[in-house]
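**Student:** Take this structure, written in structure tokens, and hold onto it; I'll ask about it next.
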Amino acid sequence: MAGTACFIIVSKNDIPIYEAEVGSAAKKEEASQQHQFILHAALDIVEDLAWTTNAMFLKAVDKFNDLSVSVYVTAGHTRFMLLHDSRNEDGIKSFFQEVQELYIKILLNPLYLPSARIASSHFDTKVRALARKYL
Amino acid sequence: MANYLAQFQAIKNTSDRLVVAVEDVSDLWPSVKEGLEKRLPLKKASLNNKTRNPVYVENLQAEFILTTDSRLRSRFPQEQYLFWFREPYATIVLVSCEDLDEFKTILKPRLKLIVQNEEREWFIVFVSKAHPNNDQATKNAKKVYARLEVDFNTRKRERCCKLDLNGVDASFWEDFDFKIVESIRNTLDRRAQFYEEEIRKMSEQRLMPVWNFCNFFILKESLAFMFEMAHLHEDSLREYDELELCYIETVSTPGKQRDFGGLEHGDDQAALLKPGFKPLSQIVQDDSFREFEFRQYLFARQVKLLFRLGRPLEVVMRGYSFIISFSKTLALHENTLPFCLREVWVISACLAIISSTSSTYDGLAAPDNEKEFYRLHGDLYSLCRIKFMRLAYLIGYGVEIEKSPVNSASLSMLPWPKPSIWPAVPEDASAKVLAKEKLILQANPRMKHFNIQRKQLPLEPSSLLREANRRRASLSVGNLSELIDYRQIDGSGIDGHQKFSPSTTNSMSRTYSGPNLESSLSLDRPMRISEVHVAAEHALENTVTDPDLLKSLSSLEEFEQKYMELTKGAADNYHHSWWKRHGVALDGEIAALCFKHGNYDLAAKSYEKVCALYAGEGWQDLLAEVLPNLAECQKILNDQAGYLSSCVRLLSLEDGLFLAKERQAFQLEVVRLAHSEMKHPVPLDVSSLITFSGNPGPPLQLCDGDPGTLPVTVWSGFPDDITLESLSLTLTNTLNTDEGVKTIKSSDAHILKPGRNVIKLDVPPQKPGSYVLGVLTGQIGNLRFRSHNFSKGGPQDNDDFMSYEKPTRPVLKVLKPRTLVDISAAVSSALLMNELQWLGLIVKPIDYSLKGSLLSIDTGPGLMIDESHTIDINEYAKTMEDKVHAHDSNTITENNTHPLEPKQLYIENGKIALPDWASDTSTTLWFPVHAIDDRMARAASADSPHRQNMVDGMRTIALKLEFGAFRNQIFERTIAVHFTDPFYVTTRVANKCNDGTLLLQATIHSQVKATLCLYDAWLDLQAGFVHVRKENGRPVSSFFPLVISPSSTAGILFSICIDNMAIADQNEVVQAESILNVMYGISGDRSNGAHSPTSLKLGSSDKLFFKVAIALQRPILDPCIAVGFVPFSSNCLRVGQLINMKWRVERLKDLEASPSSSCKDEVLYEVDANPEIWMIAGRTMGHALLSNARGSRTEITVTCMPLVSGHVRPPQLGLPAMDDANISCNPPGPHLVCVLPPTLSSSYCIPA
């Protein structure tokens, strides 16, 4: 389990639709905002990178001192972004893949509008469980 | 070999081009020098690169040097070998000879001697001085040259060429160029091969103790330098790259402790673009070089080549990664380096790369490259900016740095410099310390606007105070723990100081009382933050040699200027590279600085950019950070519209981002502004704050023309109640967009609670269609606002969320005009004329409430409502039900009467108010009406049964029903009601008895749908007729009562005879017609038709009286004239055919002289014809000659034409002057003729 990690899902029109601070480190108020800031800025890089590869998992696209940003881009250009300090790339990849399955289940819900905020507590619980498992 | 470094350096500096040696055998150089040097630089040369692939090099620089020149002569052979790259690449042998013998004996052996050195690439230029006109000389020269060719050319290679001094052949120069290039190429190949071989040999010794990097470097760089001279920059660059790799490998091998370097004056300025910054011989160390200088040297060489290759992008790319990696290396050696050298070096390196590349970048690169270029520039600027901020923070400008996420993220994750010992406070620095102290105290931490309470973001990875003190060797452990305690209480470095300083006030005064005390105390006592700043500043002054950087750090203003410059540079470049998010974040920093300096205009502009991006992408956490700043700018700039909209946006951010108190402050601002006098009131868009939607469920349905009340759910995002002065909504017709939008208004002021509110709006009558909600507008104080947004639905569990994406859900449906009510007569059969009758009206609402409706009744002529009676009302359905029950005798009819149903109504001013219970059900209204007909009924002859005209019994009644919520709906109808006599009577003479008794049969036909009961009937005869046996004219009384079922008939016989006596009393007033009097009763139901009149009470004498006039005609006893209708000549009549109607008139007896008749011999006639059937040509009235003598006869002819076909009555001839009793007609009664349709006319169809 990583000391600190921030997971965020960004819809294809760049709106964050899900945020979660995962990690064992105590959540600091200012940290969450910085995490958001770093992830937001990393979108610039993702935009450049996403079109250069066929892979969904872009690995670590950005580094901010000792924190890295790993990104997974779905076919619908929804981006899963994880700010983390662990080096476990395989774990992160598995985490992303499983989150994508969950996300697809959310999408299948006829009452969920694509690009709307994901408010499902079930989803939240599952994502956190996945984070504990893989990160 | 390392000893040769200095020499190597010198050689490199002096030789920068290829050398071509000229062996001037025949002293020709002065005369050919000019011509030869014109050929330089070589326009185009085909050389081989390191992989032996041909490369075309343009403008290859070279230099001709005579072999006799000192530069070539003075070299030792070993030197030549070592620095082979500077040796001549080709040797030109200049020869001239005109005598063959001389050539053979002298020149040839000499030449052989010269060219015997295999290592040289040589060729012979034979110079012919012979004048073209001098044939002999030319011939000789040719001979010699031919000999020369034979002797020196080989099959593989021609080594001779011939130059005519007089009249140079152009082909010579081509040949010459070719030969030079060929020689250079060959030499180059050979030397490259040699160097490679040497390098390979040396590489094999890499891991042996004899390995000497300097030697390897000289060889490698020689090769690189040779390539560079030959303009093979690509190869040269590769050599340097390999050299760098090899060097890093060498450096990183553990074991040897090496000096890193970077301790000399001026080392803080990066030498990335200056390869000659320090002579290599200075940085040599044992068998290698000092890393600090040497890696910069290698990079500088690479950059130089890259610029030659025209690749500024690659310079930036390599530069950035070099700076990053080198910065890491510096960090490893930080404890040996001067204080903050790493930061200072990075700053200067970034700036150097930026300035060198931006000036050479032409901007014509591919878009992708351009983006990359700008991005890297942005990265460089940004890196430079961070390091610069770190330095500024160390010397105490931190309090002035904006604590934004960008700065915080950059600085708080960047570790502090780690010098082995933190710099100590210099002596005599008390004034500076005080100044810093002052700076810190004066700098009031910038309050967030709207009193927003936020924990300030940190700018330091850990407390500077603690870090500085920890790194001081003299600090005791006890103090450290004490400090840590402070830290834990305080939270941040600056605050820590503020708490710290009061406790040390006393010691401070003591500290600075005397210089002697200071040093001793400073060793024991932890440094205060101001002292840390002063110490850092002092140390930095020693480190930094760049005057610009020193200046930038010298004062706060200078710092801010530089900071602005760097931030702008980074932002601009990021924007150019389309990294808008990076750019915008830095724009926020620019704005913060502008704000600080009072440039609110610029600040607002930049903040707007930032807010636009964050808002557009929905990153609300980040927006919440910046938006209050924008609002503050707008407030200061008095941009009320912008300020209001910012406040609204602040309010519409997610709940968790601001405290309730802060949100209330935003609302207060909005309300305050709304109620103030605004110069330019603008409509405020509150779409994100106030949202609305129709109520869930089916839309409100209204009938055409009806007003209604539309409930609308309005969600207020305000944290407190807010009063709206007015509120209106637009409705858009989805079916018909041409109509535009309709505005509906709420009548009164509203107070919106936070969250869901239901507001009812009055809807005036709308056109038919389906309406959706458009825009919500309203007013808070003087402020008009509008909202386009449909409700996102407040609570999570609200299903109304769907309406957010589908705003077209109609809220109101106005139905197309349709009949909402129907009024018809309850009874279709006729009612009794001249009697009080119940007239039934069925009022049938069609899915529409008739509550409060008013029925106006206007009767037509001949009909009146008896207002003295009440009006009955009952349910129509029940009436029908009762009927059903009536048929089924076994069923016990329940008492269906509703206790509240009023059954009696009153008519007031011709209007009836319908009761409420009747608003939704069909009801029957019963009115007492009285139809009046003054005319007496007449009996008809049985021969020509002439039914009573229906129109006579028709009465109309005009109804007007006003209904609907506001009696806005009007239903009008005129109903025809049929009234009739109870029966009609036909008479005929049933028999003429021989005794003159006539049996008069009166047939009574029932005309009503009710059972009639005749109680009595008698006949009042006219003059001329009497009852037989002088009876009272009644038939046998035992017949009565006679019951006549509906639509059946009954007959009564009267026996009468002609009264001959009465004729004498002509002058008496006699009854002209006989009258049949009938006394009858009627038993009928009003729901079926005629019934007993209302006025009659049950049980009382319910006998009615009815009179019929009967015309009795006396037989023609005294015929004077006979009129006979002459049959037609043709069998059939046709429409449109002219025919002659003929009557024969014959006088049957002599007419007695009468004084009244002036003309005795003529008779007045009149033809009576129905003008719709007949068209009469000629006179219809006239006198016909007819003599008074008996038997005289005449014929009257009238031409006429039938207009319609069928059996019609022909025209009748009447003789008005004669008494009917005196005319005998044949045929005696009315008769009919047959008229056929017209023959088909085909005249128009036949061609003429």
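Letters A, B, ... mark the chains of the structure tokens in the order given; residue numbers begin at 1 per chain; ligand numbers begin at 1, in order shown.
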List the neighbours of Ser26 of chain B out to 7 Å using only C-alpha atoms; skip same-chain residues closer than 2 positions along the sequence, and give me the result as number ranges by chain.
**Tutor:** B: 24, 28, 94-96
**Student:** I'd like the contact shell of segment 863-874 of chain B - 8 Å cut-off, only C-alpha atoms, skipping same-chain residues fewer than 4 positions apart - returned as number ranges by chain.
**Tutor:** B: 836, 859, 878-879, 902-907, 923-932, 955-956
**Student:** For the structure I just gave you, how does DSSP split segment 253-444 of chain B - specifically, which residues are strand (DSSP E or B)? Reply as a PyMOL selection string.
**Tutor:** chain B and resi 284-285+288-289
**Student:** Would you save the residues from that selection as a PDB file, in the first residue's frame, using N, CA, C and O atoms?
**Tutor:**
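As written to disk, out.pdb reads:
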```
ATOM      1  N   VAL B 284      42.132  18.613 -15.592  1.00  0.00           N
ATOM      2  CA  VAL B 284      42.584  17.230 -15.601  1.00  0.00           C
ATOM      3  C   VAL B 284      42.910  16.814 -14.168  1.00  0.00           C
ATOM      4  O   VAL B 284      43.342  17.613 -13.353  1.00  0.00           O
ATOM      5  N   GLN B 285      42.582  15.576 -13.917  1.00  0.00           N
ATOM      6  CA  GLN B 285      42.792  15.099 -12.562  1.00  0.00           C
ATOM      7  C   GLN B 285      43.197  13.637 -12.654  1.00  0.00           C
ATOM      8  O   GLN B 285      42.416  12.821 -13.137  1.00  0.00           O
ATOM      9  N   SER B 288      41.957  11.396 -15.445  1.00  0.00           N
ATOM     10  CA  SER B 288      40.645  11.778 -15.985  1.00  0.00           C
ATOM     11  C   SER B 288      40.430  13.277 -15.791  1.00  0.00           C
ATOM     12  O   SER B 288      41.391  14.000 -15.532  1.00  0.00           O
ATOM     13  N   PHE B 289      39.167  13.684 -15.912  1.00  0.00           N
ATOM     14  CA  PHE B 289      38.856  15.106 -15.767  1.00  0.00           C
ATOM     15  C   PHE B 289      37.904  15.291 -14.618  1.00  0.00           C
ATOM     16  O   PHE B 289      37.184  14.377 -14.226  1.00  0.00           O
TER      17      PHE B 289
END
```
**Student:** Do you know which residues are at most 10 Å from Leu102 of chain A counting only C-alpha atoms, after dropping those on the same chain fewer than 5 positions away, and could you put them as a tab-separated table (two decimals) with N, CA, C and O atoms, in the first residue's frame?
**Tutor:**
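File written: selection-v1.tsv
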```
chain	number	residue	atom	x	y	z
A	96	PHE	N	-5.96	-0.38	-12.65
A	96	PHE	CA	-6.67	0.35	-13.70
A	96	PHE	C	-7.63	-0.56	-14.45
A	96	PHE	O	-8.77	-0.19	-14.73
A	97	GLN	N	-7.15	-1.75	-14.78
A	97	GLN	CA	-8.00	-2.63	-15.57
A	97	GLN	C	-9.26	-3.01	-14.80
A	97	GLN	O	-10.37	-3.03	-15.34
A	107	LEU	N	-21.36	2.59	-16.52
A	107	LEU	CA	-21.85	3.11	-17.81
A	107	LEU	C	-23.08	2.34	-18.28
A	107	LEU	O	-23.94	2.89	-18.95
A	108	LEU	N	-23.13	1.07	-17.91
A	108	LEU	CA	-24.25	0.26	-18.38
A	108	LEU	C	-25.55	0.63	-17.68
A	108	LEU	O	-26.63	0.31	-18.15
A	122	HIS	N	-21.28	2.28	-4.01
A	122	HIS	CA	-20.80	0.93	-4.28
A	122	HIS	C	-19.50	1.00	-5.07
A	122	HIS	O	-18.51	0.32	-4.78
A	123	PHE	N	-19.52	1.84	-6.07
A	123	PHE	CA	-18.32	2.05	-6.90
A	123	PHE	C	-17.16	2.52	-6.04
A	123	PHE	O	-16.04	2.02	-6.12
A	124	ASP	N	-17.47	3.46	-5.19
A	124	ASP	CA	-16.44	4.03	-4.32
A	124	ASP	C	-15.82	2.94	-3.44
A	124	ASP	O	-14.60	2.81	-3.34
A	126	LYS	N	-15.75	-0.21	-3.93
A	126	LYS	CA	-15.01	-1.18	-4.73
A	126	LYS	C	-13.65	-0.62	-5.14
A	126	LYS	O	-12.65	-1.33	-5.11
A	127	VAL	N	-13.65	0.65	-5.54
A	127	VAL	CA	-12.39	1.25	-5.97
A	127	VAL	C	-11.40	1.26	-4.81
A	127	VAL	O	-10.22	0.92	-4.96
```
**Student:** Using only C-alpha atoms, which protein or nucleic acid residues come within 10 Å of Pro338 of chain B? Drop anything in the same chain fewer than 6 positions from it, and give the result as an mmCIF file with C-alpha atoms, in the first residue's frame.
**Tutor:**
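Contents of the output file result.cif:
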```
data_model
loop_
_atom_site.group_PDB
_atom_site.id
_atom_site.type_symbol
_atom_site.label_atom_id
_atom_site.label_comp_id
_atom_site.auth_asym_id
_atom_site.auth_seq_id
_atom_site.Cartn_x
_atom_site.Cartn_y
_atom_site.Cartn_z
ATOM 1 C CA GLY B 262 32.683 23.422 -9.109
ATOM 2 C CA LEU B 263 34.546 25.144 -6.321
ATOM 3 C CA GLU B 264 36.189 27.827 -8.372
ATOM 4 C CA ASP B 267 31.531 27.989 -11.496
ATOM 5 C CA ASP B 268 28.034 28.917 -10.497
ATOM 6 C CA PRO B 419 25.196 21.988 2.638
ATOM 7 C CA SER B 420 27.394 20.167 5.055
ATOM 8 C CA PRO B 423 25.977 29.089 6.665
ATOM 9 C CA ALA B 539 26.369 32.811 1.625
ATOM 10 C CA LEU B 540 24.595 33.347 -1.651
ATOM 11 C CA ASN B 542 29.615 34.504 -2.062
ATOM 12 C CA THR B 543 28.281 31.837 -4.372
ATOM 13 C CA VAL B 544 26.691 33.920 -7.072
#
```
**Student:** Could you list, as a list in words, every residue of chain B that has an atom within 7 Å of an atom of chain A, counting only C-alpha atoms?
**Tutor:**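 Matching residues, ligands excluded from the count: Pro405, Ala409, Met413, Leu414, Leu457, Trp579, Arg581, His582, Glu617, Gly618, Trp619, Asp621 and Leu622 of chain B.
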